[in-house]
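**Q** entry.cif is reproduced in full below (mmCIF, C-alpha atoms).
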```
data_input
loop_
_atom_site.group_PDB
_atom_site.id
_atom_site.type_symbol
_atom_site.label_atom_id
_atom_site.label_comp_id
_atom_site.auth_asym_id
_atom_site.auth_seq_id
_atom_site.Cartn_x
_atom_site.Cartn_y
_atom_site.Cartn_z
ATOM 1 C CA MET A 73 178.747 -101.313 -6.434
ATOM 2 C CA LYS A 74 181.482 -103.564 -7.829
ATOM 3 C CA LYS A 75 184.012 -100.736 -7.587
ATOM 4 C CA GLU A 76 183.029 -100.066 -3.986
ATOM 5 C CA PHE A 77 183.376 -103.767 -3.209
ATOM 6 C CA LEU A 78 186.876 -103.938 -4.677
ATOM 7 C CA ASN A 79 187.898 -100.738 -2.934
ATOM 8 C CA ALA A 80 186.842 -102.266 0.392
ATOM 9 C CA ILE A 81 187.925 -105.879 0.133
ATOM 10 C CA VAL A 82 191.186 -105.890 -1.850
ATOM 11 C CA PRO A 83 193.319 -103.663 0.388
ATOM 12 C CA LEU A 84 191.796 -105.385 3.408
ATOM 13 C CA LEU A 85 192.746 -108.836 2.184
ATOM 14 C CA LEU A 86 196.242 -107.803 1.237
ATOM 15 C CA GLY A 87 196.812 -105.996 4.491
ATOM 16 C CA ASN A 88 195.871 -109.057 6.506
ATOM 17 C CA LEU A 89 197.788 -111.266 4.143
ATOM 18 C CA PHE A 90 201.120 -109.489 4.437
ATOM 19 C CA LEU A 91 200.761 -108.949 8.178
ATOM 20 C CA GLY A 92 200.108 -112.672 8.637
ATOM 21 C CA ILE A 93 202.717 -113.980 6.202
ATOM 22 C CA SER A 94 205.473 -111.822 7.664
ATOM 23 C CA GLY A 95 205.118 -113.770 10.905
ATOM 24 C CA LEU A 96 205.324 -117.230 9.348
ATOM 25 C CA SER A 97 208.529 -119.167 9.905
ATOM 26 C CA ILE A 98 208.349 -120.584 6.375
ATOM 27 C CA ALA A 99 208.374 -117.151 4.776
ATOM 28 C CA SER A 100 211.777 -115.576 4.183
ATOM 29 C CA PRO A 101 212.281 -112.051 2.735
ATOM 30 C CA ASN A 102 212.623 -113.665 -0.683
ATOM 31 C CA ASP A 103 209.274 -115.391 -0.140
ATOM 32 C CA ILE A 104 207.608 -112.086 0.709
ATOM 33 C CA HIS A 105 209.096 -110.551 -2.425
ATOM 34 C CA ALA A 106 207.892 -113.492 -4.510
ATOM 35 C CA ILE A 107 204.405 -113.162 -3.019
ATOM 36 C CA HIS A 108 204.317 -109.476 -3.850
ATOM 37 C CA ASP A 109 205.435 -110.096 -7.448
ATOM 38 C CA SER A 110 202.933 -112.915 -7.907
ATOM 39 C CA LEU A 111 200.007 -110.916 -6.599
ATOM 40 C CA THR A 112 200.755 -107.859 -8.712
ATOM 41 C CA SER A 113 201.195 -109.995 -11.827
ATOM 42 C CA VAL A 114 197.976 -111.996 -11.722
ATOM 43 C CA THR A 115 195.461 -109.647 -10.099
ATOM 44 C CA PRO A 116 194.781 -106.468 -12.084
ATOM 45 C CA PHE A 117 192.994 -104.756 -9.241
ATOM 46 C CA LEU A 118 196.036 -104.694 -6.937
ATOM 47 C CA HIS A 119 197.170 -101.277 -8.235
ATOM 48 C CA HIS A 120 194.494 -99.475 -6.275
ATOM 49 C CA SER A 121 195.592 -96.072 -5.003
ATOM 50 C CA THR A 122 194.835 -96.985 -1.391
ATOM 51 C CA THR A 123 198.021 -98.482 0.053
ATOM 52 C CA ILE A 124 198.349 -101.440 2.384
ATOM 53 C CA ALA A 125 200.221 -99.329 4.897
ATOM 54 C CA SER A 126 197.213 -97.072 5.445
ATOM 55 C CA TYR A 127 195.193 -100.079 6.616
ATOM 56 C CA GLN A 128 197.843 -101.418 8.962
ATOM 57 C CA SER A 129 197.212 -98.505 11.323
ATOM 58 C CA HIS A 130 193.566 -99.601 11.580
ATOM 59 C CA SER A 131 194.194 -103.297 12.213
ATOM 60 C CA ALA A 132 191.545 -103.394 14.960
ATOM 61 C CA ASN A 133 188.838 -102.692 12.376
ATOM 62 C CA LEU A 134 190.019 -105.151 9.708
ATOM 63 C CA LEU A 135 187.956 -108.093 10.906
ATOM 64 C CA ASP A 136 184.840 -105.921 11.127
ATOM 65 C CA LEU A 137 185.451 -104.634 7.603
ATOM 66 C CA TYR A 138 185.925 -108.167 6.379
ATOM 67 C CA LYS A 139 182.713 -109.359 8.049
ATOM 68 C CA ASP A 140 180.865 -106.432 6.459
ATOM 69 C CA SER A 141 182.185 -107.499 3.068
ATOM 70 C CA LEU A 142 181.100 -111.071 3.748
ATOM 71 C CA ALA A 143 177.613 -109.881 4.658
ATOM 72 C CA THR A 144 177.287 -107.607 1.620
ATOM 73 C CA TYR A 145 179.183 -109.634 -0.993
ATOM 74 C CA PRO A 146 179.475 -113.173 0.435
ATOM 75 C CA LEU A 147 180.334 -115.074 -2.762
ATOM 76 C CA GLN A 148 182.751 -112.500 -4.177
ATOM 77 C CA THR A 149 184.526 -112.048 -0.844
ATOM 78 C CA LYS A 150 185.032 -115.796 -0.404
ATOM 79 C CA MET A 151 186.303 -116.194 -3.969
ATOM 80 C CA ILE A 152 188.792 -113.328 -3.703
ATOM 81 C CA THR A 153 189.949 -114.544 -0.297
ATOM 82 C CA GLY A 154 190.596 -118.015 -1.681
ATOM 83 C CA GLY A 155 192.239 -116.760 -4.870
ATOM 84 C CA THR A 156 194.538 -114.348 -3.031
ATOM 85 C CA LEU A 157 195.692 -116.940 -0.518
ATOM 86 C CA ALA A 158 196.101 -119.573 -3.254
ATOM 87 C CA VAL A 159 198.451 -117.292 -5.191
ATOM 88 C CA THR A 160 200.365 -116.676 -1.978
ATOM 89 C CA GLY A 161 200.774 -120.363 -1.188
ATOM 90 C CA ASP A 162 201.905 -121.080 -4.732
ATOM 91 C CA ALA A 163 204.347 -118.168 -4.627
ATOM 92 C CA ILE A 164 205.980 -119.547 -1.481
ATOM 93 C CA ALA A 165 206.202 -122.977 -3.116
ATOM 94 C CA GLN A 166 207.674 -121.557 -6.326
ATOM 95 C CA SER A 167 210.248 -119.527 -4.397
ATOM 96 C CA ARG A 168 211.652 -122.813 -3.043
ATOM 97 C CA ASP A 169 212.609 -123.974 -6.546
ATOM 98 C CA LYS A 170 215.784 -122.045 -7.321
ATOM 99 C CA ASP A 171 216.196 -123.686 -10.727
ATOM 100 C CA GLU A 172 212.870 -122.465 -12.136
ATOM 101 C CA ASP A 173 211.675 -118.930 -12.918
ATOM 102 C CA TYR A 174 208.438 -117.717 -11.390
ATOM 103 C CA SER A 175 205.519 -118.982 -13.487
ATOM 104 C CA LYS A 176 202.618 -116.554 -13.804
ATOM 105 C CA ARG A 177 200.537 -119.173 -15.629
ATOM 106 C CA ARG A 178 200.978 -121.584 -12.752
ATOM 107 C CA ALA A 179 199.961 -118.889 -10.245
ATOM 108 C CA LEU A 180 196.961 -117.998 -12.394
ATOM 109 C CA SER A 181 195.907 -121.652 -12.573
ATOM 110 C CA PHE A 182 195.925 -121.962 -8.784
ATOM 111 C CA MET A 183 194.061 -118.689 -8.325
ATOM 112 C CA ALA A 184 191.374 -119.627 -10.883
ATOM 113 C CA PHE A 185 190.944 -123.096 -9.436
ATOM 114 C CA ASP A 186 190.689 -121.927 -5.829
ATOM 115 C CA MET A 187 188.171 -119.226 -6.683
ATOM 116 C CA CYS A 188 185.997 -121.802 -8.468
ATOM 117 C CA TYR A 189 186.263 -124.186 -5.540
ATOM 118 C CA ARG A 190 185.268 -121.511 -3.002
ATOM 119 C CA ALA A 191 182.194 -120.827 -5.140
ATOM 120 C CA LEU A 192 181.371 -124.550 -5.074
ATOM 121 C CA GLN A 193 181.746 -124.596 -1.282
ATOM 122 C CA HIS A 194 179.536 -121.520 -0.983
ATOM 123 C CA PHE A 195 176.625 -123.354 -2.610
ATOM 124 C CA SER A 196 177.311 -126.926 -1.447
ATOM 125 C CA PHE A 197 177.976 -126.416 2.265
ATOM 126 C CA PRO A 198 174.405 -125.370 3.160
ATOM 127 C CA VAL A 199 173.130 -128.542 1.463
ATOM 128 C CA ILE A 200 175.680 -130.719 3.293
ATOM 129 C CA VAL A 201 174.826 -129.144 6.646
ATOM 130 C CA GLN A 202 171.093 -129.596 6.033
ATOM 131 C CA GLN A 203 171.400 -133.251 5.012
ATOM 132 C CA CYS A 204 174.052 -134.352 7.516
ATOM 133 C CA GLN A 205 172.805 -133.691 11.039
ATOM 134 C CA GLY A 206 174.467 -136.641 12.747
ATOM 135 C CA GLN A 207 171.675 -139.115 12.074
ATOM 136 C CA TYR A 208 173.840 -141.598 10.153
ATOM 137 C CA ILE A 209 176.792 -141.796 12.529
ATOM 138 C CA GLY A 210 174.394 -141.635 15.471
ATOM 139 C CA ALA A 211 172.443 -144.630 14.173
ATOM 140 C CA ALA A 212 175.649 -146.591 13.528
ATOM 141 C CA ILE A 213 176.950 -145.886 17.048
ATOM 142 C CA ALA A 214 173.563 -146.668 18.609
ATOM 143 C CA SER A 215 173.750 -150.158 17.123
ATOM 144 C CA VAL A 216 176.794 -150.835 19.338
ATOM 145 C CA PRO A 217 175.449 -150.551 22.945
ATOM 146 C CA PHE A 218 178.719 -150.205 24.872
ATOM 147 C CA LEU A 219 180.053 -147.655 22.369
ATOM 148 C CA SER A 220 176.846 -145.652 22.420
ATOM 149 C CA SER A 221 176.688 -145.447 26.215
ATOM 150 C CA GLY A 222 180.342 -144.478 26.480
ATOM 151 C CA LEU A 223 180.166 -141.650 23.922
ATOM 152 C CA ASP A 224 176.827 -140.338 25.150
ATOM 153 C CA SER A 225 178.189 -140.024 28.678
ATOM 154 C CA SER A 226 181.449 -138.354 27.596
ATOM 155 C CA LEU A 227 179.983 -135.839 25.109
ATOM 156 C CA THR A 228 177.717 -132.981 26.137
ATOM 157 C CA ASN A 229 175.898 -132.929 22.815
ATOM 158 C CA PRO A 230 176.895 -136.051 20.858
ATOM 159 C CA THR A 231 174.499 -135.411 17.964
ATOM 160 C CA TYR A 232 176.189 -132.070 17.298
ATOM 161 C CA PHE A 233 179.619 -133.681 17.049
ATOM 162 C CA TYR A 234 178.245 -136.533 14.931
ATOM 163 C CA GLY A 235 176.834 -133.915 12.578
ATOM 164 C CA ALA A 236 180.181 -132.129 12.293
ATOM 165 C CA MET A 237 181.887 -135.428 11.506
ATOM 166 C CA GLU A 238 179.261 -136.367 8.910
ATOM 167 C CA GLN A 239 179.605 -132.993 7.215
ATOM 168 C CA THR A 240 183.398 -133.362 7.200
ATOM 169 C CA LEU A 241 183.251 -136.838 5.687
ATOM 170 C CA ALA A 242 180.663 -135.762 3.112
ATOM 171 C CA SER A 243 183.038 -133.047 1.963
ATOM 172 C CA GLN A 244 186.235 -135.086 2.062
ATOM 173 C CA LEU A 245 184.882 -138.373 0.667
ATOM 174 C CA GLY A 246 182.288 -136.892 -1.672
ATOM 175 C CA ILE A 247 183.200 -133.462 -3.013
ATOM 176 C CA VAL A 248 186.995 -133.770 -2.870
ATOM 177 C CA PRO A 249 187.641 -136.963 -4.876
ATOM 178 C CA PHE A 250 184.765 -136.540 -7.344
ATOM 179 C CA MET A 251 184.724 -132.766 -7.889
ATOM 180 C CA TYR A 252 187.756 -131.048 -6.339
ATOM 181 C CA TYR A 253 190.526 -133.108 -7.939
ATOM 182 C CA PRO A 254 188.947 -133.573 -11.396
ATOM 183 C CA VAL A 255 188.485 -129.800 -11.672
ATOM 184 C CA PHE A 256 191.983 -129.212 -10.269
ATOM 185 C CA TYR A 257 193.683 -131.424 -12.846
ATOM 186 C CA ILE A 258 191.584 -130.179 -15.767
ATOM 187 C CA LEU A 259 191.795 -126.468 -14.971
ATOM 188 C CA THR A 260 195.467 -126.307 -13.999
ATOM 189 C CA ALA A 261 196.444 -128.412 -17.027
ATOM 190 C CA PHE A 262 194.406 -126.167 -19.339
ATOM 191 C CA VAL A 263 195.818 -122.899 -17.977
ATOM 192 C CA GLN A 264 199.392 -124.256 -17.989
ATOM 193 C CA GLY A 265 199.020 -125.581 -21.550
ATOM 194 C CA LEU A 266 199.238 -129.298 -20.837
ATOM 195 C CA SER A 267 197.771 -131.810 -23.268
ATOM 196 C CA ALA A 268 194.908 -134.141 -22.375
ATOM 197 C CA GLU A 269 197.300 -137.087 -22.349
ATOM 198 C CA GLY A 270 199.657 -135.222 -20.056
ATOM 199 C CA ALA A 271 196.821 -134.212 -17.721
ATOM 200 C CA ILE A 272 195.659 -137.827 -17.403
ATOM 201 C CA GLN A 273 199.200 -139.066 -16.775
ATOM 202 C CA ARG A 274 199.757 -136.348 -14.165
ATOM 203 C CA ALA A 275 196.525 -137.332 -12.396
ATOM 204 C CA LYS A 276 197.513 -141.018 -12.384
ATOM 205 C CA GLU A 277 200.872 -140.219 -10.791
ATOM 206 C CA THR A 278 199.789 -137.715 -8.152
ATOM 207 C CA PHE A 279 196.146 -138.421 -7.203
ATOM 208 C CA ILE A 280 196.676 -141.210 -4.641
ATOM 209 C CA PRO A 281 199.584 -139.501 -2.784
ATOM 210 C CA LEU A 282 197.710 -136.186 -2.802
ATOM 211 C CA MET A 283 194.478 -137.783 -1.589
ATOM 212 C CA LYS A 284 196.316 -139.353 1.352
ATOM 213 C CA ARG A 285 197.815 -135.993 2.295
ATOM 214 C CA ASN A 286 194.438 -134.353 1.726
ATOM 215 C CA LEU A 287 192.653 -136.585 4.241
ATOM 216 C CA LEU A 288 195.371 -136.222 6.868
ATOM 217 C CA PHE A 289 195.390 -132.434 6.523
ATOM 218 C CA TRP A 290 191.752 -131.539 5.907
ATOM 219 C CA ILE A 291 189.696 -133.903 8.084
ATOM 220 C CA PRO A 292 190.819 -132.216 11.352
ATOM 221 C CA VAL A 293 190.603 -128.752 9.774
ATOM 222 C CA GLN A 294 187.110 -129.285 8.398
ATOM 223 C CA PHE A 295 185.869 -130.866 11.613
ATOM 224 C CA ILE A 296 186.894 -127.650 13.400
ATOM 225 C CA GLN A 297 185.263 -125.622 10.617
ATOM 226 C CA PHE A 298 181.893 -127.407 10.761
ATOM 227 C CA GLY A 299 181.935 -127.833 14.523
ATOM 228 C CA PHE A 300 183.290 -124.568 15.902
ATOM 229 C CA ILE A 301 183.415 -121.809 13.231
ATOM 230 C CA GLU A 302 180.395 -119.610 12.601
ATOM 231 C CA GLU A 303 178.818 -120.215 9.201
ATOM 232 C CA SER A 304 179.711 -116.881 7.595
ATOM 233 C CA LEU A 305 183.418 -117.374 8.398
ATOM 234 C CA GLN A 306 183.701 -121.058 7.497
ATOM 235 C CA ILE A 307 184.912 -120.627 3.906
ATOM 236 C CA PRO A 308 187.368 -117.814 4.793
ATOM 237 C CA PHE A 309 188.649 -120.097 7.561
ATOM 238 C CA LEU A 310 189.190 -122.847 4.966
ATOM 239 C CA ALA A 311 190.863 -120.348 2.640
ATOM 240 C CA VAL A 312 193.400 -119.544 5.358
ATOM 241 C CA GLY A 313 193.992 -123.284 5.856
ATOM 242 C CA GLY A 314 194.180 -123.481 2.074
ATOM 243 C CA LEU A 315 197.248 -121.225 2.170
ATOM 244 C CA ALA A 316 199.215 -124.052 3.762
ATOM 245 C CA TRP A 317 197.500 -126.673 1.602
ATOM 246 C CA THR A 318 198.235 -124.765 -1.632
ATOM 247 C CA PHE A 319 201.894 -124.680 -0.607
ATOM 248 C CA ILE A 320 201.793 -128.491 -0.237
ATOM 249 C CA ILE A 321 199.882 -129.215 -3.435
ATOM 250 C CA SER A 322 201.906 -126.699 -5.429
ATOM 251 C CA LEU A 323 205.163 -128.323 -4.359
ATOM 252 C CA PHE A 324 203.836 -131.791 -5.162
ATOM 253 C CA ALA A 325 201.837 -131.227 -8.351
ATOM 254 C CA GLY A 326 202.056 -127.534 -9.170
ATOM 255 C CA ASN A 327 204.088 -127.530 -12.368
ATOM 256 C CA ALA A 328 201.993 -129.514 -14.823
ATOM 257 C CA GLN A 329 204.544 -129.310 -17.646
ATOM 258 C CA LYS A 330 207.430 -130.360 -15.431
ATOM 259 C CA SER A 331 205.393 -133.184 -13.967
ATOM 260 C CA TYR A 332 204.476 -134.517 -17.400
ATOM 261 C CA SER A 333 207.969 -134.078 -18.876
ATOM 262 C CA SER A 334 209.462 -135.837 -15.869
ATOM 263 C CA SER A 335 206.924 -138.592 -16.341
ATOM 264 C CA SER A 336 207.785 -138.944 -20.044
ATOM 265 C CA LYS A 337 211.490 -139.007 -19.259
ATOM 266 C CA LEU A 338 210.921 -141.613 -16.579
ATOM 267 C CA GLU A 339 208.910 -143.733 -19.017
ATOM 268 C CA GLU A 340 211.749 -143.539 -21.567
ATOM 269 C CA GLU A 341 214.315 -144.555 -18.947
ATOM 270 C CA VAL A 342 212.144 -147.445 -17.777
ATOM 271 C CA GLU A 343 211.602 -148.554 -21.381
ATOM 272 C CA MET A 344 215.344 -148.511 -22.059
ATOM 273 C CA GLU A 345 216.067 -150.486 -18.905
ATOM 274 C CA LEU A 346 213.404 -153.030 -19.782
ATOM 275 C CA LYS A 347 214.873 -153.378 -23.289
ATOM 276 C CA GLU A 348 218.336 -154.004 -21.841
ATOM 277 C CA ILE A 349 216.915 -156.575 -19.432
ATOM 278 C CA PHE A 350 215.004 -158.229 -22.278
ATOM 279 C CA ASP A 351 218.160 -158.395 -24.432
ATOM 280 C CA GLU A 352 220.105 -159.937 -21.554
ATOM 281 C CA VAL A 353 217.367 -162.521 -21.014
ATOM 282 C CA ILE A 354 217.453 -163.406 -24.707
ATOM 283 C CA ASP A 355 221.231 -163.840 -24.599
ATOM 284 C CA ILE A 356 220.969 -166.048 -21.517
ATOM 285 C CA GLU A 357 218.240 -168.141 -23.128
ATOM 286 C CA GLU A 358 220.317 -168.636 -26.273
ATOM 287 C CA ALA A 359 223.345 -169.671 -24.199
ATOM 288 C CA ILE A 360 221.223 -172.131 -22.224
ATOM 289 C CA ILE A 361 219.765 -173.581 -25.412
ATOM 290 C CA GLU A 362 223.241 -174.037 -26.912
ATOM 291 C CA GLU A 363 224.422 -175.706 -23.717
ATOM 292 C CA ILE A 364 221.397 -177.995 -23.709
ATOM 293 C CA LYS A 365 221.981 -178.886 -27.366
ATOM 294 C CA TYR A 366 225.624 -179.737 -26.632
ATOM 295 C CA ASP A 367 224.656 -181.826 -23.599
ATOM 296 C CA VAL A 368 221.980 -183.662 -25.576
ATOM 297 C CA SER A 369 224.443 -184.338 -28.378
ATOM 298 C CA GLU A 370 227.009 -185.717 -25.970
ATOM 299 C CA MET A 371 224.333 -187.796 -24.264
ATOM 300 C CA GLU A 372 223.124 -189.202 -27.568
ATOM 301 C CA LYS A 373 226.679 -190.118 -28.530
ATOM 302 C CA ALA A 374 227.252 -191.806 -25.188
ATOM 303 C CA ILE A 375 224.027 -193.747 -25.516
ATOM 304 C CA VAL A 376 224.916 -194.879 -29.037
ATOM 305 C CA ASP A 377 228.369 -195.973 -27.931
ATOM 306 C CA TYR A 378 226.915 -197.805 -24.956
ATOM 307 C CA VAL A 379 224.290 -199.549 -27.035
ATOM 308 C CA THR A 380 226.789 -200.449 -29.699
ATOM 309 C CA GLU A 381 229.160 -201.877 -27.116
ATOM 310 C CA GLU A 382 226.389 -203.837 -25.452
ATOM 311 C CA ILE A 383 225.191 -205.195 -28.780
ATOM 312 C CA GLY A 384 228.774 -206.212 -29.632
ATOM 313 C CA ILE A 385 229.114 -208.135 -26.377
ATOM 314 C CA GLU A 386 225.806 -209.885 -26.915
ATOM 315 C CA ASP A 387 226.865 -210.901 -30.439
ATOM 316 C CA MET A 388 230.117 -212.375 -29.154
ATOM 317 C CA GLU A 389 228.323 -214.315 -26.401
ATOM 318 C CA SER A 390 225.730 -215.645 -28.838
ATOM 319 C CA LYS A 391 228.508 -216.851 -31.198
ATOM 320 C CA LYS A 392 230.293 -218.649 -28.352
ATOM 321 C CA ALA A 393 227.035 -220.298 -27.322
ATOM 322 C CA LYS A 394 226.419 -221.542 -30.859
ATOM 323 C CA GLU A 395 229.962 -222.908 -31.115
ATOM 324 C CA LYS A 396 229.492 -224.833 -27.862
ATOM 325 C CA GLU A 397 226.254 -226.302 -29.179
ATOM 326 C CA LYS A 398 228.042 -227.481 -32.330
ATOM 327 C CA VAL A 399 230.770 -229.140 -30.288
ATOM 328 C CA ILE A 400 228.280 -230.962 -28.115
ATOM 329 C CA ILE A 401 226.436 -232.201 -31.131
#
```
Kindly present the structure from the file in structure tokens form.

**A**
Amino acid sequence: MKKEFLNAIVPLLLGNLFLGISGLSIASPNDIHAIHDSLTSVTPFLHHSTTIASYQSHSANLLDLYKDSLATYPLQTKMITGGTLAVTGDAIAQSRDKDEDYSKRRALSFMAFDMCYRALQHFSFPVIVQQCQGQYIGAAIASVPFLSSGLDSSLTNPTYFYGAMEQTLASQLGIVPFMYYPVFYILTAFVQGLSAEGAIQRAKETFIPLMKRNLLFWIPVQFIQFGFIEESLQIPFLAVGGLAWTFIISLFAGNAQKSYSSSSKLEEEVEMELKEIFDEVIDIEEAIIEEIKYDVSEMEKAIVDYVTEEIGIEDMESKKAKEKEKVII
């Protein structure tokens, strides 16, 4: 059964993949070549005797074949879809860096992570859909009369849209920050050979910027997914969106070693600059102290001279006064 599944799904996925990628404006011939190399290097089942070209002539049946695979092998099909498209997105991102050789470990880390995440979505989405039916957002909107009346009159089925929004927010504010990114940082760091310290530092540097991009990119996509895509095709739909997202995340935080080494180098440069600033501050403080000492010394001398002069004048005046008293007497 497993062999039959691979025979059906792998050529199908790759046929769709290369037909779709060839039409993307971001994919140059070099990108296509990089995608081909990446796929053949990290997926051992790509050397199947059935060629991609033989499926291109039957493009009208590809979606039906894919739906059949989803019905028969839902989890495996979603995982392979996600893994294949993740490798593709990473390959496009890696092809943009002319100074670095193609990293198979990096591609493998993205494929492994995406396959795990599609499995998580496969089991978590039914729970999210069951628990989030629009009751929370609906209750919040109902508490604001003018807002409730306005939305109810403008939407045909407001509860349905509230449910889609709740499911989107549950995924993006629940699963993504607390499950998606921890697994992403741990798994990609492990596969790419990054230390625990390096993985933590990488997460500190990239989590907030990535989370901002994540919300801007995925909230609209997932709202469409929960609101308008049939359930069996929701995760494949996200996997296709994940092709673009993997390109973004791979460019921003794909190379764990490079990210950590750049971070270490930056820390060293900052430390050196701070040391130079500290030394300059010390020098300035010493100069100020010397200047203050000199000023105090000069002030003390002036005061002594002034006091001495004043005392001398008083002595002379007191002597004259005594002499006058003697004369009077």

**Q** Identify all residues satisfying the PyMOL selection byres ((chain A and resi 162) around 10) in the given file; provide them as a VMD selection string.

**A** chain A and resid 106 to 107 110 157 to 161 163 to 167 174 to 175 178 to 183 315 to 323 326

**Q** Tell me, as a PyMOL selection string, which residues lie within 12 Å of stretch 231-244 of chain A, counting all atoms listed in the file; anything in the same chain fewer than 6 positions away does not count.

**A** chain A and resi 192-193+196-214+220+223-224+250-253+283-301

**Q** Could you check how far atom CA of A:Gly155 sits from atom CA of A:Lys170, in Å to one decimal?

**A**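 These two atoms are separated by 24.3 Å.
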
**Q** What's the separation between atom CA of A:Ser304 and atom CA of A:Val248, in Å to one decimal place?

**A**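 Separating atom CA of A:Ser304 from atom CA of A:Val248 is a distance of 21.2 Å.
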
**Q** So the first atom is atom CA of A:Gly313 and the second is atom CA of A:Gly154; what is the distance between them in Å, to one decimal place?

**A**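 One can read the atom CA of A:Gly313 to atom CA of A:Gly154 distance as 9.8 Å.
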
**Q** When the PyMOL selection byres ((chain A and resi 257) around 9) is applied to the structure above, which residues does it catch, written out as a list in words?

**A**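 Checking the PyMOL selection byres ((chain A and resi 257) around 9) against this file, the residues are Tyr252, Tyr253, Pro254, Val255, Phe256, Ile258, Leu259, Thr260, Ala261, Phe262, Ala271, Ile272, Arg274, Ala275 and Ala328 of chain A.
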
**Q** Report the centre and edge lengths, in Å to one decimal, of an axis-aligned box enclosing every atom of stretch 209-216 of chain A listed in the file, padded by 8 Å on each side, as AutoDock Vina command-line options.

**A**
```
--center_x 174.7 --center_y -146.2 --center_z 15.9 --size_x 20.5 --size_y 25.2 --size_z 22.8
```
